[in-house]
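Engineer: Got a structure for you, work35.txt, holding compact mmCIF, C-alpha atoms.
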```
# COMPACT_ATOMS: atom_id res chain seq x y z
CA MET Q 1 0.00 0.00 0.00
CA ALA Q 2 1.28 3.48 -0.86
CA LYS Q 3 2.52 5.76 1.90
CA SER Q 4 0.39 8.84 2.42
CA VAL Q 5 1.46 12.46 2.79
CA LEU Q 6 -0.53 15.54 3.77
CA ILE Q 7 0.98 18.74 2.38
CA CYS Q 8 -0.02 21.79 4.45
CA GLU Q 9 1.20 24.70 2.34
CA ASP Q 10 -0.57 27.94 1.40
CA GLU Q 11 1.70 28.68 -1.57
CA ARG Q 12 -0.15 26.70 -4.20
CA ALA Q 13 2.75 26.52 -6.68
CA ILE Q 14 5.00 24.95 -4.04
CA SER Q 15 2.23 22.62 -2.90
CA LYS Q 16 1.55 21.48 -6.48
CA ALA Q 17 5.25 20.89 -7.18
CA LEU Q 18 5.59 18.84 -4.00
CA GLN Q 19 2.44 16.90 -4.84
CA LEU Q 20 3.68 15.98 -8.33
CA LYS Q 21 7.16 14.94 -7.11
CA LEU Q 22 5.77 12.89 -4.22
CA GLN Q 23 3.22 11.17 -6.47
CA LYS Q 24 6.03 10.29 -8.90
CA SER Q 25 7.82 8.74 -5.90
CA GLY Q 26 4.75 6.56 -5.22
CA PHE Q 27 3.04 8.49 -2.43
CA GLU Q 28 -0.67 9.20 -2.04
CA VAL Q 29 -0.92 12.95 -1.52
CA GLU Q 30 -3.57 15.26 -0.09
CA GLN Q 31 -3.28 19.02 0.26
CA ALA Q 32 -4.44 21.63 2.75
CA PHE Q 33 -3.95 25.32 2.00
CA ASP Q 34 -4.44 26.59 5.56
CA GLY Q 35 -4.04 25.24 9.07
CA GLU Q 36 -7.76 24.95 9.71
CA ALA Q 37 -8.18 22.67 6.68
CA ALA Q 38 -5.14 20.65 7.77
CA LEU Q 39 -6.62 19.98 11.21
CA SER Q 40 -9.97 19.05 9.67
CA ILE Q 41 -8.36 16.55 7.28
CA LEU Q 42 -6.18 15.09 10.07
CA GLU Q 43 -9.28 14.45 12.19
CA LYS Q 44 -10.80 12.32 9.43
CA LYS Q 45 -7.79 10.50 7.99
CA SER Q 46 -4.41 9.26 9.09
CA PHE Q 47 -1.19 9.90 7.18
CA ASP Q 48 2.30 8.46 7.31
CA ILE Q 49 3.79 11.94 7.31
CA VAL Q 50 2.72 15.60 7.23
CA LEU Q 51 4.65 18.41 5.52
CA LEU Q 52 3.74 21.52 7.46
CA ASP Q 53 4.39 25.17 6.62
CA LEU Q 54 4.44 27.45 9.68
CA LEU Q 55 3.10 30.65 8.11
CA MET Q 56 -0.40 29.81 6.89
CA PRO Q 57 -3.79 31.53 6.95
CA LYS Q 58 -6.49 30.87 9.57
CA VAL Q 59 -4.39 28.61 11.83
CA ASP Q 60 -0.58 28.73 11.69
CA GLY Q 61 1.70 25.70 11.72
CA PHE Q 62 2.66 26.13 15.36
CA ALA Q 63 -1.03 25.93 16.34
CA VAL Q 64 -1.40 22.79 14.18
CA LEU Q 65 1.57 21.21 15.99
CA GLU Q 66 0.10 22.21 19.37
CA ALA Q 67 -3.28 20.68 18.45
CA LEU Q 68 -1.65 17.43 17.30
CA LYS Q 69 0.39 17.24 20.49
CA GLU Q 70 -2.70 17.85 22.66
CA LYS Q 71 -4.53 15.05 20.85
CA GLY Q 72 -1.60 12.67 21.35
CA SER Q 73 -1.21 12.24 17.59
CA LYS Q 74 1.65 9.98 16.52
CA VAL Q 75 1.80 11.32 12.94
CA LYS Q 76 5.29 12.30 11.80
CA VAL Q 77 5.49 16.01 11.01
CA VAL Q 78 8.22 17.67 8.96
CA VAL Q 79 8.16 21.45 9.03
CA THR Q 80 8.89 23.25 5.76
CA SER Q 81 9.17 26.96 6.38
CA ASN Q 82 11.13 30.05 5.51
CA LEU Q 83 11.39 30.89 9.22
CA SER Q 84 15.02 30.04 9.83
CA GLN Q 85 15.54 31.32 13.37
CA ASP Q 86 16.84 28.79 15.88
CA GLU Q 87 13.93 29.66 18.23
CA ASP Q 88 11.43 28.66 15.53
CA LYS Q 89 13.23 25.36 14.91
CA LYS Q 90 13.40 24.62 18.64
CA ARG Q 91 9.72 25.48 19.16
CA ALA Q 92 8.67 23.23 16.27
CA THR Q 93 10.76 20.27 17.46
CA ASP Q 94 9.60 20.80 21.06
CA LEU Q 95 6.04 20.51 19.72
CA GLY Q 96 6.87 17.19 18.05
CA ALA Q 97 8.20 17.93 14.55
CA ILE Q 98 10.72 15.26 13.48
CA GLY Q 99 12.41 17.56 10.98
CA TYR Q 100 12.72 21.20 9.98
CA LEU Q 101 13.58 22.18 6.42
CA VAL Q 102 14.06 25.81 5.37
CA LYS Q 103 12.30 26.11 1.99
CA ALA Q 104 14.65 28.80 0.67
CA ASP Q 105 17.64 26.50 1.29
CA THR Q 106 16.07 23.16 0.33
CA PRO Q 107 15.16 22.24 -3.26
CA ILE Q 108 11.89 20.33 -3.68
CA SER Q 109 13.84 17.23 -4.74
CA LYS Q 110 15.67 17.29 -1.37
CA ILE Q 111 12.36 17.64 0.50
CA VAL Q 112 11.05 14.57 -1.36
CA GLU Q 113 14.27 12.63 -0.54
CA TYR Q 114 13.80 13.54 3.12
CA ILE Q 115 10.20 12.29 3.08
CA VAL Q 116 11.21 9.03 1.37
CA LYS Q 117 13.88 8.43 4.04
CA ASN Q 118 11.56 9.20 6.95
CA THR Q 119 8.47 7.15 6.03
```
Represent the structure contained in this file as structure tokens.

Structural biologist:
Amino acid sequence: MAKSVLICEDERAISKALQLKLQKSGFEVEQAFDGEAALSILEKKSFDIVLLDLLMPKVDGFAVLEALKEKGSKVKVVVTSNLSQDEDKKRATDLGAIGYLVKADTPISKIVEYIVKNT
């Protein structure tokens, strides 16, 4: 059975590129364009891994991580963000993220490689 990924990314071009690359690598992919939609999808379906942007409309990525932690969710979360401050990385990992990739420094192909290795 294919591994499943939820992409939580409000920049639709980035989300689409990730979706296409991950599907080519054999993943089932769903997308959420804001944190509220991400939480709604995660309540209804389980995923092997979640790619989570921190700066999103409605509910930001930190709030999504907090909600998942409160619910005791075991889903693996990899943060993809342009926030590159150490405090942001520490906060995300303290909230349960297994990885933190800075989008500006990480080509989409490297993000996909990371997902393949961690699922």

Engineer: For range 11-19 of chain Q, list every protein, DNA or RNA residue within 10 Å, evaluated using all atoms listed in the file, and leave out those in the same chain fewer than 4 positions away; present the list as a list in words.

Structural biologist: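 Contacts, in chain order: Val5, Leu6, Ile7, Gln23, Lys24, Ser25, Phe27, Glu28, Val29, Glu30, Gln31, Ala32, Phe33, Asp34, Leu51, Asp53, Leu55, Met56, Lys103, Ile108, Ser109, Ile111 and Val112 of chain Q.
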
Engineer: Suppose we keep C-alpha atoms; can you now write the selection as a PDB file, keeping the file's coordinate frame?

Structural biologist:
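Now in selection.pdb:
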```pdb
ATOM      1  CA  VAL Q   5       1.460  12.460   2.790  1.00  0.00           C
ATOM      2  CA  LEU Q   6      -0.530  15.540   3.770  1.00  0.00           C
ATOM      3  CA  ILE Q   7       0.980  18.740   2.380  1.00  0.00           C
ATOM      4  CA  GLN Q  23       3.220  11.170  -6.470  1.00  0.00           C
ATOM      5  CA  LYS Q  24       6.030  10.290  -8.900  1.00  0.00           C
ATOM      6  CA  SER Q  25       7.820   8.740  -5.900  1.00  0.00           C
ATOM      7  CA  PHE Q  27       3.040   8.490  -2.430  1.00  0.00           C
ATOM      8  CA  GLU Q  28      -0.670   9.200  -2.040  1.00  0.00           C
ATOM      9  CA  VAL Q  29      -0.920  12.950  -1.520  1.00  0.00           C
ATOM     10  CA  GLU Q  30      -3.570  15.260  -0.090  1.00  0.00           C
ATOM     11  CA  GLN Q  31      -3.280  19.020   0.260  1.00  0.00           C
ATOM     12  CA  ALA Q  32      -4.440  21.630   2.750  1.00  0.00           C
ATOM     13  CA  PHE Q  33      -3.950  25.320   2.000  1.00  0.00           C
ATOM     14  CA  ASP Q  34      -4.440  26.590   5.560  1.00  0.00           C
ATOM     15  CA  LEU Q  51       4.650  18.410   5.520  1.00  0.00           C
ATOM     16  CA  ASP Q  53       4.390  25.170   6.620  1.00  0.00           C
ATOM     17  CA  LEU Q  55       3.100  30.650   8.110  1.00  0.00           C
ATOM     18  CA  MET Q  56      -0.400  29.810   6.890  1.00  0.00           C
ATOM     19  CA  LYS Q 103      12.300  26.110   1.990  1.00  0.00           C
ATOM     20  CA  ILE Q 108      11.890  20.330  -3.680  1.00  0.00           C
ATOM     21  CA  SER Q 109      13.840  17.230  -4.740  1.00  0.00           C
ATOM     22  CA  ILE Q 111      12.360  17.640   0.500  1.00  0.00           C
ATOM     23  CA  VAL Q 112      11.050  14.570  -1.360  1.00  0.00           C
TER      24      VAL Q 112
END
```

Engineer: Please, what is the axis-aligned box for every listed atom of range 9-17 of chain Q with 5 Å on each side, as centre and edge lengths in Å to one decimal, as JSON?

Structural biologist:
```
{"center_x": 2.3, "center_y": 24.8, "center_z": -2.4, "size_x": 15.8, "size_y": 17.8, "size_z": 19.5}
```

Engineer: Go ahead and compute the interatomic distance for CA of Asn82 in chain Q and CA of Val102 in chain Q, in Å to one decimal.

Structural biologist: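 Answer for the CA of Asn82 in chain Q to CA of Val102 in chain Q separation: 5.2 Å.
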
Engineer: From the set Q:Leu20, Q:Ala104, Q:Ile41, Q:Ile49, which residue has the shortest atom-to-atom contact distance to Lys3 in chain Q, counting all atoms listed in the file?

Structural biologist: Q:Ile49

Engineer: Find, counting all atoms listed in the file, the residue in Q:Glu36, Q:Val59, Q:Glu9, Q:Ser4 that gets nearest to Ser81 in chain Q.

Structural biologist: Q:Glu9

Engineer: Pick from Q:Leu83, Q:Met1, Q:Val75, Q:Leu42: nearest to Ala97 in chain Q, with only C-alpha atoms counted?

Structural biologist: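 Nearest to Ala97 in chain Q: Q:Val75.
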
Engineer: Pick the closest to Leu39 in chain Q from Q:Leu68, Q:Val79, Q:Ala92, Q:Val116: which is it, counting only C-alpha atoms?

Structural biologist: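 Residue with the minimum atom-to-atom distance to Leu39 in chain Q: Q:Leu68.
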
Engineer: In terms of the shortest atom-to-atom distance over only C-alpha atoms, which of Q:Ala37, Q:Lys76, Q:Phe47, Q:Asp94 is closest to Phe62 in chain Q?

Structural biologist: Q:Asp94

Engineer: Would you compute the distance between CA of Leu65 in chain Q and CA of Glu113 in chain Q? Give it in Å to one decimal.

Structural biologist: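 Answer for the CA of Leu65 in chain Q to CA of Glu113 in chain Q separation: 22.5 Å.
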
Engineer: Please, what distance in Å, to one decimal, runs between CA of Ala38 in chain Q and CA of Val64 in chain Q?

Structural biologist: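 Distance reported for this atom pair: 7.7 Å.
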
Engineer: Which residue out of Q:Lys21, Q:Tyr114, Q:Leu52, Q:Thr80 has the minimum interatomic distance to Gly35 in chain Q when only C-alpha atoms are used?

Structural biologist: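 The shortest atom-to-atom distance to Gly35 in chain Q comes from Q:Leu52.
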
Engineer: Could you extract range 46-57 of chain Q of the given structure into a file holding all heavy atoms, as a short mmCIF file (atom, residue, chain, number, x, y, z; two decimals), in the first residue's frame?

Structural biologist:
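The resulting file, part20.cif, is shown below:
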```
data_model
loop_
_atom_site.label_atom_id
_atom_site.label_comp_id
_atom_site.auth_asym_id
_atom_site.auth_seq_id
_atom_site.Cartn_x
_atom_site.Cartn_y
_atom_site.Cartn_z
N SER Q 46 -5.77 9.33 8.58
CA SER Q 46 -4.41 9.26 9.09
C SER Q 46 -3.42 9.26 7.92
O SER Q 46 -3.75 8.82 6.81
CB SER Q 46 -4.21 8.03 9.97
OG SER Q 46 -4.43 6.86 9.22
N PHE Q 47 -2.25 9.78 8.18
CA PHE Q 47 -1.19 9.90 7.18
C PHE Q 47 0.11 9.34 7.75
O PHE Q 47 0.30 9.34 8.97
CB PHE Q 47 -0.98 11.37 6.78
CG PHE Q 47 -2.15 11.96 6.04
CD1 PHE Q 47 -3.22 12.51 6.73
CD2 PHE Q 47 -2.20 11.94 4.66
CE1 PHE Q 47 -4.32 13.03 6.07
CE2 PHE Q 47 -3.29 12.45 3.97
CZ PHE Q 47 -4.34 13.00 4.68
N ASP Q 48 0.98 8.91 6.86
CA ASP Q 48 2.30 8.46 7.31
C ASP Q 48 3.17 9.65 7.71
O ASP Q 48 4.01 9.53 8.61
CB ASP Q 48 2.99 7.65 6.19
CG ASP Q 48 2.25 6.35 5.93
OD1 ASP Q 48 2.19 5.52 6.85
OD2 ASP Q 48 1.72 6.18 4.82
N ILE Q 49 2.97 10.76 7.02
CA ILE Q 49 3.79 11.94 7.31
C ILE Q 49 3.05 13.20 6.87
O ILE Q 49 2.25 13.16 5.93
CB ILE Q 49 5.19 11.82 6.64
CG1 ILE Q 49 6.21 12.73 7.28
CG2 ILE Q 49 5.11 11.99 5.14
CD1 ILE Q 49 7.66 12.30 7.06
N VAL Q 50 3.33 14.30 7.56
CA VAL Q 50 2.72 15.60 7.23
C VAL Q 50 3.84 16.59 6.95
O VAL Q 50 4.79 16.70 7.73
CB VAL Q 50 1.86 16.11 8.41
CG1 VAL Q 50 1.34 17.52 8.12
CG2 VAL Q 50 0.71 15.17 8.69
N LEU Q 51 3.75 17.29 5.82
CA LEU Q 51 4.65 18.41 5.52
C LEU Q 51 3.91 19.67 5.93
O LEU Q 51 2.83 19.94 5.41
CB LEU Q 51 4.93 18.47 4.01
CG LEU Q 51 6.08 17.65 3.48
CD1 LEU Q 51 6.16 17.80 1.96
CD2 LEU Q 51 7.39 18.05 4.11
N LEU Q 52 4.48 20.42 6.85
CA LEU Q 52 3.74 21.52 7.46
C LEU Q 52 4.49 22.85 7.35
O LEU Q 52 5.58 23.00 7.89
CB LEU Q 52 3.50 21.18 8.94
CG LEU Q 52 2.77 22.21 9.78
CD1 LEU Q 52 1.32 22.37 9.30
CD2 LEU Q 52 2.79 21.80 11.25
N ASP Q 53 3.88 23.79 6.66
CA ASP Q 53 4.39 25.17 6.62
C ASP Q 53 3.97 25.83 7.93
O ASP Q 53 2.95 25.49 8.51
CB ASP Q 53 3.77 25.91 5.42
CG ASP Q 53 4.38 27.28 5.19
OD1 ASP Q 53 5.43 27.60 5.79
OD2 ASP Q 53 3.80 28.05 4.40
N LEU Q 54 4.78 26.77 8.42
CA LEU Q 54 4.44 27.45 9.68
C LEU Q 54 3.59 28.69 9.46
O LEU Q 54 2.72 28.99 10.27
CB LEU Q 54 5.71 27.81 10.45
CG LEU Q 54 6.50 26.62 10.99
CD1 LEU Q 54 7.76 27.09 11.68
CD2 LEU Q 54 5.66 25.75 11.91
N LEU Q 55 3.84 29.41 8.37
CA LEU Q 55 3.10 30.65 8.11
C LEU Q 55 1.96 30.36 7.14
O LEU Q 55 2.17 30.33 5.92
CB LEU Q 55 4.03 31.73 7.57
CG LEU Q 55 5.16 32.14 8.50
CD1 LEU Q 55 6.08 33.15 7.83
CD2 LEU Q 55 4.61 32.71 9.80
N MET Q 56 0.77 30.11 7.71
CA MET Q 56 -0.40 29.81 6.89
C MET Q 56 -1.59 30.62 7.39
O MET Q 56 -1.62 31.01 8.56
CB MET Q 56 -0.75 28.32 6.99
CG MET Q 56 0.23 27.40 6.32
SD MET Q 56 -0.39 25.70 6.27
CE MET Q 56 -0.52 25.30 7.99
N PRO Q 57 -2.58 30.82 6.52
CA PRO Q 57 -3.79 31.53 6.95
C PRO Q 57 -4.62 30.72 7.95
O PRO Q 57 -4.47 29.52 8.05
CB PRO Q 57 -4.57 31.73 5.65
CG PRO Q 57 -3.78 31.17 4.55
CD PRO Q 57 -2.60 30.47 5.12
#
```
